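Trainee: Next up, final_15.pdb (PDB, C-alpha atoms, pLDDT in the B column).
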ATOM      1  CA  MET D1295       5.693  -9.104  22.482  1.00 72.00           C
ATOM      2  CA  SER D1296       7.758  -6.524  24.388  1.00 81.00           C
ATOM      3  CA  SER D1297       7.106  -2.801  24.055  1.00 81.00           C
ATOM      4  CA  GLU D1298      10.468  -2.380  22.296  1.00 85.00           C
ATOM      5  CA  ALA D1299       9.622  -5.174  19.832  1.00 87.00           C
ATOM      6  CA  THR D1300       6.205  -3.593  19.213  1.00 83.00           C
ATOM      7  CA  ARG D1301       7.837  -0.212  18.641  1.00 87.00           C
ATOM      8  CA  GLN D1302      10.319  -1.736  16.184  1.00 85.00           C
ATOM      9  CA  LEU D1303       7.518  -3.479  14.303  1.00 83.00           C
ATOM     10  CA  ALA D1304       5.635  -0.149  14.112  1.00 86.00           C
ATOM     11  CA  LEU D1305       8.793   1.496  12.737  1.00 83.00           C
ATOM     12  CA  ASP D1306       9.124  -1.294  10.177  1.00 83.00           C
ATOM     13  CA  PHE D1307       5.534  -0.815   9.022  1.00 86.00           C
ATOM     14  CA  ALA D1308       5.982   2.976   8.943  1.00 84.00           C
ATOM     15  CA  SER D1309       9.083   2.627   6.763  1.00 82.00           C
ATOM     16  CA  GLN D1310       7.156   0.354   4.362  1.00 82.00           C
ATOM     17  CA  ILE D1311       4.353   2.898   4.178  1.00 80.00           C
ATOM     18  CA  ALA D1312       6.489   5.989   3.588  1.00 72.00           C
ATOM     19  CA  PRO D1313      10.101   7.205   3.356  1.00 59.00           C
ATOM     20  CA  ALA D1314      11.784   8.135   6.638  1.00 56.00           C
ATOM     21  CA  GLY D1315      10.560  11.271   8.380  1.00 59.00           C
ATOM     22  CA  CYS D1316       6.797  11.904   8.468  1.00 78.00           C
ATOM     23  CA  ILE D1317       5.108   9.141  10.442  1.00 86.00           C
ATOM     24  CA  ASP D1318       5.583   9.480  14.186  1.00 88.00           C
ATOM     25  CA  ILE D1319       5.587   6.397  16.366  1.00 91.00           C
ATOM     26  CA  ARG D1320       4.046   7.069  19.779  1.00 92.00           C
ATOM     27  CA  ARG D1321       3.216   4.981  22.803  1.00 89.00           C
ATOM     28  CA  PHE D1322      -0.340   3.733  22.640  1.00 89.00           C
ATOM     29  CA  PHE D1323      -1.529   1.738  25.643  1.00 87.00           C
ATOM     30  CA  GLY D1324       0.317  -1.603  25.228  1.00 86.00           C
ATOM     31  CA  GLY D1325       1.331  -0.873  21.633  1.00 92.00           C
ATOM     32  CA  SER D1326       2.611   1.801  19.275  1.00 94.00           C
ATOM     33  CA  ALA D1327       0.544   4.318  17.306  1.00 94.00           C
ATOM     34  CA  LEU D1328       1.338   5.478  13.768  1.00 93.00           C
ATOM     35  CA  VAL D1329       0.615   9.210  13.613  1.00 91.00           C
ATOM     36  CA  ARG D1330       0.776  11.665  10.707  1.00 86.00           C
ATOM     37  CA  ASN D1331       0.078  15.386  11.152  1.00 82.00           C
ATOM     38  CA  GLY D1332      -1.419  14.691  14.558  1.00 85.00           C
ATOM     39  CA  ALA D1333      -3.860  12.098  13.192  1.00 87.00           C
ATOM     40  CA  GLN D1334      -3.558   8.454  14.223  1.00 91.00           C
ATOM     41  CA  LEU D1335      -3.900   6.358  11.087  1.00 91.00           C
ATOM     42  CA  GLY D1336      -3.120   3.052  12.750  1.00 94.00           C
ATOM     43  CA  PHE D1337      -1.328   1.184  15.493  1.00 96.00           C
ATOM     44  CA  VAL D1338       0.531  -2.017  16.254  1.00 94.00           C
ATOM     45  CA  MET D1339      -0.763  -4.114  19.123  1.00 94.00           C
ATOM     46  CA  LYS D1340       0.454  -7.622  20.013  1.00 91.00           C
ATOM     47  CA  GLY D1341       2.241  -7.974  16.672  1.00 91.00           C
ATOM     48  CA  THR D1342      -0.737  -6.945  14.549  1.00 95.00           C
ATOM     49  CA  LEU D1343      -1.039  -3.807  12.414  1.00 95.00           C
ATOM     50  CA  TYR D1344      -4.427  -2.113  12.626  1.00 96.00           C
ATOM     51  CA  LEU D1345      -5.449   0.728  10.300  1.00 95.00           C
ATOM     52  CA  ARG D1346      -8.236   3.255  10.688  1.00 95.00           C
ATOM     53  CA  VAL D1347     -11.036   2.411   8.253  1.00 94.00           C
ATOM     54  CA  ASP D1348     -13.881   4.178   6.562  1.00 92.00           C
ATOM     55  CA  ALA D1349     -16.998   2.291   5.455  1.00 92.00           C
ATOM     56  CA  ALA D1350     -15.476   1.144   2.146  1.00 92.00           C
ATOM     57  CA  MET D1351     -12.229  -0.086   3.757  1.00 92.00           C
ATOM     58  CA  ARG D1352     -14.187  -1.829   6.523  1.00 94.00           C
ATOM     59  CA  ALA D1353     -16.175  -3.759   3.920  1.00 95.00           C
ATOM     60  CA  GLU D1354     -12.986  -4.726   2.043  1.00 93.00           C
ATOM     61  CA  PHE D1355     -11.212  -5.822   5.222  1.00 94.00           C
ATOM     62  CA  GLU D1356     -14.235  -7.835   6.382  1.00 95.00           C
ATOM     63  CA  GLU D1357     -14.415  -9.485   2.951  1.00 95.00           C
ATOM     64  CA  ASP D1358     -10.749 -10.495   3.459  1.00 93.00           C
ATOM     65  CA  GLY D1359     -11.640 -11.993   6.855  1.00 94.00           C
ATOM     66  CA  SER D1360     -10.098  -9.217   8.956  1.00 96.00           C
ATOM     67  CA  GLU D1361     -11.576  -8.323  12.294  1.00 96.00           C
ATOM     68  CA  PRO D1362     -11.855  -5.060  14.190  1.00 96.00           C
ATOM     69  CA  PHE D1363      -9.579  -4.319  17.119  1.00 96.00           C
ATOM     70  CA  SER D1364     -10.986  -5.625  20.391  1.00 94.00           C
ATOM     71  CA  TYR D1365      -9.898  -5.871  23.991  1.00 92.00           C
ATOM     72  CA  ARG D1366     -11.267  -6.929  27.369  1.00 89.00           C
ATOM     73  CA  ALA D1367     -12.188  -4.284  29.921  1.00 88.00           C
ATOM     74  CA  ALA D1368     -14.242  -4.534  33.093  1.00 88.00           C
ATOM     75  CA  GLY D1369     -15.009  -8.172  32.334  1.00 91.00           C
ATOM     76  CA  ARG D1370     -16.439  -7.564  28.881  1.00 93.00           C
ATOM     77  CA  GLU D1371     -15.212  -7.544  25.294  1.00 93.00           C
ATOM     78  CA  VAL D1372     -14.915  -4.077  23.727  1.00 93.00           C
ATOM     79  CA  THR D1373     -14.801  -3.872  19.918  1.00 94.00           C
ATOM     80  CA  VAL D1374     -13.418  -0.800  18.160  1.00 94.00           C
ATOM     81  CA  HIS D1375     -14.887  -0.729  14.656  1.00 93.00           C
ATOM     82  CA  ARG D1376     -12.759   2.251  13.553  1.00 94.00           C
ATOM     83  CA  TYR D1377      -9.605   0.066  13.390  1.00 96.00           C
ATOM     84  CA  TYR D1378      -9.233  -3.252  11.572  1.00 97.00           C
ATOM     85  CA  ALA D1379      -6.372  -5.737  11.377  1.00 97.00           C
ATOM     86  CA  VAL D1380      -4.570  -5.394   8.061  1.00 95.00           C
ATOM     87  CA  PRO D1381      -4.905  -8.558   5.951  1.00 94.00           C
ATOM     88  CA  ALA D1382      -1.686 -10.508   5.360  1.00 92.00           C
ATOM     89  CA  HIS D1383      -1.829 -10.057   1.575  1.00 93.00           C
ATOM     90  CA  VAL D1384      -1.848  -6.271   2.092  1.00 92.00           C
ATOM     91  CA  ILE D1385       1.156  -6.387   4.434  1.00 92.00           C
ATOM     92  CA  ASP D1386       3.000  -8.562   1.896  1.00 92.00           C
ATOM     93  CA  ASP D1387       2.455  -6.031  -0.920  1.00 92.00           C
ATOM     94  CA  PRO D1388       4.291  -2.722  -0.243  1.00 88.00           C
ATOM     95  CA  ALA D1389       2.326  -0.769  -2.863  1.00 89.00           C
ATOM     96  CA  LEU D1390      -0.997  -2.044  -1.547  1.00 91.00           C
ATOM     97  CA  LEU D1391       0.044  -1.367   2.064  1.00 91.00           C
ATOM     98  CA  HIS D1392       0.992   2.196   1.109  1.00 89.00           C
ATOM     99  CA  SER D1393      -2.358   2.670  -0.647  1.00 90.00           C
ATOM    100  CA  TYR D1394      -4.303   1.399   2.360  1.00 91.00           C
ATOM    101  CA  ALA D1395      -2.253   3.592   4.698  1.00 90.00           C
ATOM    102  CA  GLU D1396      -3.110   6.662   2.629  1.00 88.00           C
ATOM    103  CA  ARG D1397      -6.762   5.678   2.730  1.00 90.00           C
ATOM    104  CA  ALA D1398      -6.488   5.222   6.512  1.00 90.00           C
ATOM    105  CA  LEU D1399      -4.957   8.677   6.805  1.00 86.00           C
ATOM    106  CA  HIS D1400      -7.860  10.190   4.885  1.00 85.00           C
ATOM    107  CA  ALA D1401     -10.317   8.211   7.040  1.00 85.00           C
ATOM    108  CA  THR D1402      -8.950  10.112  10.058  1.00 80.00           C
ATOM    109  CA  SER D1403      -9.739  13.552   8.651  1.00 64.00           C
ATOM    110  CA  THR D1404     -12.348  15.626  10.391  1.00 53.00           C
ATOM    111  CA  PRO D1405     -13.825  19.007   9.463  1.00 44.00           C
ATOM    112  CA  GLY D1406     -11.292  21.748  10.113  1.00 47.00           C
ATOM    113  CA  HIS D1407      -8.377  19.311  10.386  1.00 45.00           C
ATOM    114  CA  ARG D1408      -6.304  19.340   7.189  1.00 46.00           C
ATOM    115  CA  LEU D1409      -4.124  16.321   6.490  1.00 44.00           C
ATOM    116  CA  ALA D1410      -1.180  16.067   4.112  1.00 43.00           C
ATOM    117  CA  ASP D1411      -2.007  14.544   0.756  1.00 41.00           C
ATOM    118  CA  THR D1412       0.688  11.879   0.915  1.00 38.00           C
ATOM    119  CA  LEU D1413       2.678   9.902   3.421  1.00 41.00           C
ATOM    120  CA  GLN D1414       6.352  10.694   3.218  1.00 40.00           C
ATOM    121  CA  ALA D1415       8.362   9.320   6.146  1.00 40.00           C
ATOM    122  CA  ALA D1416       8.833   7.527   9.472  1.00 43.00           C
ATOM    123  CA  THR D1417      10.243   8.944  12.714  1.00 43.00           C
ATOM    124  CA  THR D1418       9.971   8.194  16.418  1.00 46.00           C
ATOM    125  CA  SER D1419       8.764  10.379  19.232  1.00 48.00           C
ATOM    126  CA  ASP D1420       7.694   9.745  22.790  1.00 46.00           C
TER     127      ASP D1420
END
As structure tokens - that is how I would like this structure written.

Mentor:
Amino acid sequence: MSSEATRQLALDFASQIAPAGCIDIRRFFGGSALVRNGAQLGFVMKGTLYLRVDAAMRAEFEEDGSEPFSYRAAGREVTVHRYYAVPAHVIDDPALLHSYAERALHATSTPGHRLADTLQAATTSD
């Protein structure tokens, strides 16, 4: 999948998650990151949407058969357990996708870093 196609897919997901204007799409290695208030809540890589998970979301995604993001580096497989592929039934249900995206946004919060309560829009930035 080309970088432009990946970017467009990220924009499509962002527009399903929130009205236009508050999710930034940024370059992210070979994909596109979905960023809200400076916090990366997910990304699109090779045609797959990954969302940041907390322990509860991880368990739900694993129960649905989803796997964490992984890649090969220096001849070994690296697994990133903070991001999981979004199950197809979630992508197919706009309300459920929005709910999971909000949960992913809250999973990114750290002490001293306030996040908006809701997702409102989709924009692009480089």

Trainee: Where does the PyMOL selection byres ((chain D and resi 1297) around 12) land in this file, that is, which residues does it pick, as a PDB file with C-alpha atoms, in the coordinates of the input?

Mentor:
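Writing done, so here's out08.pdb:
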ATOM      1  CA  MET D1295       5.693  -9.104  22.482  1.00 72.00           C
ATOM      2  CA  SER D1296       7.758  -6.524  24.388  1.00 81.00           C
ATOM      3  CA  GLU D1298      10.468  -2.380  22.296  1.00 85.00           C
ATOM      4  CA  ALA D1299       9.622  -5.174  19.832  1.00 87.00           C
ATOM      5  CA  THR D1300       6.205  -3.593  19.213  1.00 83.00           C
ATOM      6  CA  ARG D1301       7.837  -0.212  18.641  1.00 87.00           C
ATOM      7  CA  GLN D1302      10.319  -1.736  16.184  1.00 85.00           C
ATOM      8  CA  LEU D1303       7.518  -3.479  14.303  1.00 83.00           C
ATOM      9  CA  ALA D1304       5.635  -0.149  14.112  1.00 86.00           C
ATOM     10  CA  ARG D1320       4.046   7.069  19.779  1.00 92.00           C
ATOM     11  CA  ARG D1321       3.216   4.981  22.803  1.00 89.00           C
ATOM     12  CA  PHE D1322      -0.340   3.733  22.640  1.00 89.00           C
ATOM     13  CA  PHE D1323      -1.529   1.738  25.643  1.00 87.00           C
ATOM     14  CA  GLY D1324       0.317  -1.603  25.228  1.00 86.00           C
ATOM     15  CA  GLY D1325       1.331  -0.873  21.633  1.00 92.00           C
ATOM     16  CA  SER D1326       2.611   1.801  19.275  1.00 94.00           C
ATOM     17  CA  ALA D1327       0.544   4.318  17.306  1.00 94.00           C
ATOM     18  CA  VAL D1338       0.531  -2.017  16.254  1.00 94.00           C
ATOM     19  CA  MET D1339      -0.763  -4.114  19.123  1.00 94.00           C
ATOM     20  CA  LYS D1340       0.454  -7.622  20.013  1.00 91.00           C
ATOM     21  CA  GLY D1341       2.241  -7.974  16.672  1.00 91.00           C
TER      22      GLY D1341
END

Trainee: Using all atoms listed in the file, which of the listed residues (D:Arg1370, D:His1375, D:Arg1330, D:His1383) sits closest to Val1347 (chain D)?

Mentor: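 Among D:Arg1370, D:His1375, D:Arg1330, D:His1383, it is D:His1375 that comes nearest to Val1347 (chain D).
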
Trainee: Please provide the set of residues having any atom within 6 Å of region 1351-1362 of chain D, restricted to all atoms listed in the file, with same-chain residues fewer than 2 positions apart removed, written as a list in words.

Mentor: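 Once the nearby chain positions are removed, what remains is Val1347, Asp1348, Ala1349, His1375, Tyr1377, Tyr1378 and Ala1379 of chain D.
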
Trainee: Can you give me, as number ranges by chain, the residues this file yields under the PyMOL selection byres ((chain D and resi 1345) around 6)?

Mentor: D: 1335-1336, 1344, 1346, 1377-1378, 1398

Trainee: I'd like the interatomic distance between CA of Ile1317 (chain D) and CA of Leu1343 (chain D), to a tenth of an Å.

Mentor: 14.5 Å

Trainee: Calculated over all atoms listed in the file, which of the candidates D:Thr1342, D:Thr1373, D:Ala1350, D:Gly1332 has the smallest distance to Ile1385 (chain D)?

Mentor: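 Ranking D:Thr1342, D:Thr1373, D:Ala1350, D:Gly1332 by distance to Ile1385 (chain D), first place goes to D:Thr1342.
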
Trainee: I'd like a table as a Markdown table: residues in region 1364-1396 of chain D with an atom no more than 7 Å from region 1305-1314 of chain D, each row giving the shortest atom pair and its distance in Å to one decimal, only C-alpha atoms counted, sorted by chain and rising residue number.

Mentor:
| residue | atom | partner | partner_atom | distance |
| --- | --- | --- | --- | --- |
| D:Pro1388 | CA | D:Gln1310 | CA | 6.2 |
| D:Leu1391 | CA | D:Ile1311 | CA | 6.4 |
| D:His1392 | CA | D:Ile1311 | CA | 4.6 |
| D:Ala1395 | CA | D:Ile1311 | CA | 6.7 |

Trainee: So how far away is CA of Val1372 (chain D) from CA of Tyr1394 (chain D), in Å?

Mentor: 24.5 Å

Trainee: Could you tell me how far CA of Asn1331 (chain D) lies from CA of Phe1363 (chain D), in Å and to one decimal?

Mentor: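 Between these atoms lies a distance of 22.7 Å.
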
Trainee: Could you add whatever atoms are missing so that region 1323-1348 of chain D carries N, CA, C and O atoms, then write the result as an mmCIF file, in the coordinates of the input?

Mentor:
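In the end it all went to selection_29.cif:
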data_model
loop_
_atom_site.group_PDB
_atom_site.id
_atom_site.type_symbol
_atom_site.label_atom_id
_atom_site.label_comp_id
_atom_site.auth_asym_id
_atom_site.auth_seq_id
_atom_site.Cartn_x
_atom_site.Cartn_y
_atom_site.Cartn_z
ATOM 1 N N PHE D 1323 -1.163 2.798 24.710
ATOM 2 C CA PHE D 1323 -1.529 1.738 25.643
ATOM 3 C C PHE D 1323 -0.430 0.683 25.627
ATOM 4 O O PHE D 1323 0.707 0.999 25.884
ATOM 5 N N GLY D 1324 -0.706 -0.570 25.260
ATOM 6 C CA GLY D 1324 0.317 -1.603 25.228
ATOM 7 C C GLY D 1324 0.969 -1.756 23.869
ATOM 8 O O GLY D 1324 1.651 -2.742 23.603
ATOM 9 N N GLY D 1325 0.790 -0.778 22.984
ATOM 10 C CA GLY D 1325 1.331 -0.873 21.633
ATOM 11 C C GLY D 1325 1.972 0.420 21.194
ATOM 12 O O GLY D 1325 2.418 1.220 22.007
ATOM 13 N N SER D 1326 2.012 0.609 19.881
ATOM 14 C CA SER D 1326 2.611 1.801 19.275
ATOM 15 C C SER D 1326 1.684 2.345 18.201
ATOM 16 O O SER D 1326 1.224 1.605 17.329
ATOM 17 N N ALA D 1327 1.411 3.653 18.271
ATOM 18 C CA ALA D 1327 0.544 4.318 17.306
ATOM 19 C C ALA D 1327 1.353 4.860 16.141
ATOM 20 O O ALA D 1327 2.490 5.295 16.317
ATOM 21 N N LEU D 1328 0.772 4.852 14.954
ATOM 22 C CA LEU D 1328 1.338 5.478 13.768
ATOM 23 C C LEU D 1328 0.559 6.773 13.552
ATOM 24 O O LEU D 1328 -0.662 6.737 13.348
ATOM 25 N N VAL D 1329 1.265 7.909 13.626
ATOM 26 C CA VAL D 1329 0.615 9.210 13.613
ATOM 27 C C VAL D 1329 1.219 10.077 12.518
ATOM 28 O O VAL D 1329 2.435 10.163 12.383
ATOM 29 N N ARG D 1330 0.349 10.743 11.758
ATOM 30 C CA ARG D 1330 0.776 11.665 10.707
ATOM 31 C C ARG D 1330 0.004 12.967 10.887
ATOM 32 O O ARG D 1330 -1.220 12.950 10.962
ATOM 33 N N ASN D 1331 0.720 14.080 10.987
ATOM 34 C CA ASN D 1331 0.078 15.386 11.152
ATOM 35 C C ASN D 1331 -0.901 15.401 12.315
ATOM 36 O O ASN D 1331 -1.973 15.996 12.233
ATOM 37 N N GLY D 1332 -0.569 14.714 13.383
ATOM 38 C CA GLY D 1332 -1.419 14.691 14.558
ATOM 39 C C GLY D 1332 -2.584 13.725 14.483
ATOM 40 O O GLY D 1332 -3.350 13.599 15.432
ATOM 41 N N ALA D 1333 -2.757 13.035 13.371
ATOM 42 C CA ALA D 1333 -3.860 12.098 13.192
ATOM 43 C C ALA D 1333 -3.340 10.669 13.268
ATOM 44 O O ALA D 1333 -2.385 10.310 12.578
ATOM 45 N N GLN D 1334 -3.970 9.852 14.096
ATOM 46 C CA GLN D 1334 -3.558 8.454 14.223
ATOM 47 C C GLN D 1334 -4.213 7.645 13.111
ATOM 48 O O GLN D 1334 -5.413 7.464 13.083
ATOM 49 N N LEU D 1335 -3.373 7.140 12.190
ATOM 50 C CA LEU D 1335 -3.900 6.358 11.087
ATOM 51 C C LEU D 1335 -3.892 4.871 11.371
ATOM 52 O O LEU D 1335 -4.542 4.097 10.685
ATOM 53 N N GLY D 1336 -3.166 4.461 12.405
ATOM 54 C CA GLY D 1336 -3.120 3.052 12.750
ATOM 55 C C GLY D 1336 -2.312 2.832 14.001
ATOM 56 O O GLY D 1336 -1.831 3.772 14.637
ATOM 57 N N PHE D 1337 -2.157 1.553 14.355
ATOM 58 C CA PHE D 1337 -1.328 1.184 15.493
ATOM 59 C C PHE D 1337 -0.937 -0.279 15.390
ATOM 60 O O PHE D 1337 -1.536 -1.043 14.632
ATOM 61 N N VAL D 1338 0.093 -0.631 16.143
ATOM 62 C CA VAL D 1338 0.531 -2.017 16.254
ATOM 63 C C VAL D 1338 0.260 -2.455 17.680
ATOM 64 O O VAL D 1338 0.661 -1.783 18.635
ATOM 65 N N MET D 1339 -0.437 -3.570 17.819
ATOM 66 C CA MET D 1339 -0.763 -4.114 19.123
ATOM 67 C C MET D 1339 -0.594 -5.621 19.056
ATOM 68 O O MET D 1339 -1.160 -6.269 18.159
ATOM 69 N N LYS D 1340 0.222 -6.175 19.955
ATOM 70 C CA LYS D 1340 0.454 -7.622 20.013
ATOM 71 C C LYS D 1340 0.843 -8.203 18.654
ATOM 72 O O LYS D 1340 0.369 -9.246 18.238
ATOM 73 N N GLY D 1341 1.711 -7.476 17.942
ATOM 74 C CA GLY D 1341 2.241 -7.974 16.672
ATOM 75 C C GLY D 1341 1.334 -7.807 15.472
ATOM 76 O O GLY D 1341 1.658 -8.278 14.385
ATOM 77 N N THR D 1342 0.212 -7.123 15.642
ATOM 78 C CA THR D 1342 -0.737 -6.945 14.549
ATOM 79 C C THR D 1342 -0.841 -5.465 14.198
ATOM 80 O O THR D 1342 -0.950 -4.622 15.086
ATOM 81 N N LEU D 1343 -0.832 -5.166 12.896
ATOM 82 C CA LEU D 1343 -1.039 -3.807 12.414
ATOM 83 C C LEU D 1343 -2.526 -3.588 12.201
ATOM 84 O O LEU D 1343 -3.186 -4.370 11.513
ATOM 85 N N TYR D 1344 -3.036 -2.532 12.804
ATOM 86 C CA TYR D 1344 -4.427 -2.113 12.626
ATOM 87 C C TYR D 1344 -4.419 -0.758 11.937
ATOM 88 O O TYR D 1344 -3.619 0.107 12.294
ATOM 89 N N LEU D 1345 -5.308 -0.567 10.963
ATOM 90 C CA LEU D 1345 -5.449 0.728 10.300
ATOM 91 C C LEU D 1345 -6.851 1.263 10.541
ATOM 92 O O LEU D 1345 -7.816 0.496 10.666
ATOM 93 N N ARG D 1346 -6.936 2.587 10.588
ATOM 94 C CA ARG D 1346 -8.236 3.255 10.688
ATOM 95 C C ARG D 1346 -8.968 3.002 9.381
ATOM 96 O O ARG D 1346 -8.363 3.060 8.302
ATOM 97 N N VAL D 1347 -10.260 2.721 9.454
ATOM 98 C CA VAL D 1347 -11.036 2.411 8.253
ATOM 99 C C VAL D 1347 -12.221 3.346 8.105
ATOM 100 O O VAL D 1347 -12.750 3.870 9.088
ATOM 101 N N ASP D 1348 -12.606 3.546 6.856
ATOM 102 C CA ASP D 1348 -13.881 4.178 6.562
ATOM 103 C C ASP D 1348 -14.818 3.029 6.160
ATOM 104 O O ASP D 1348 -14.436 1.855 6.213
#
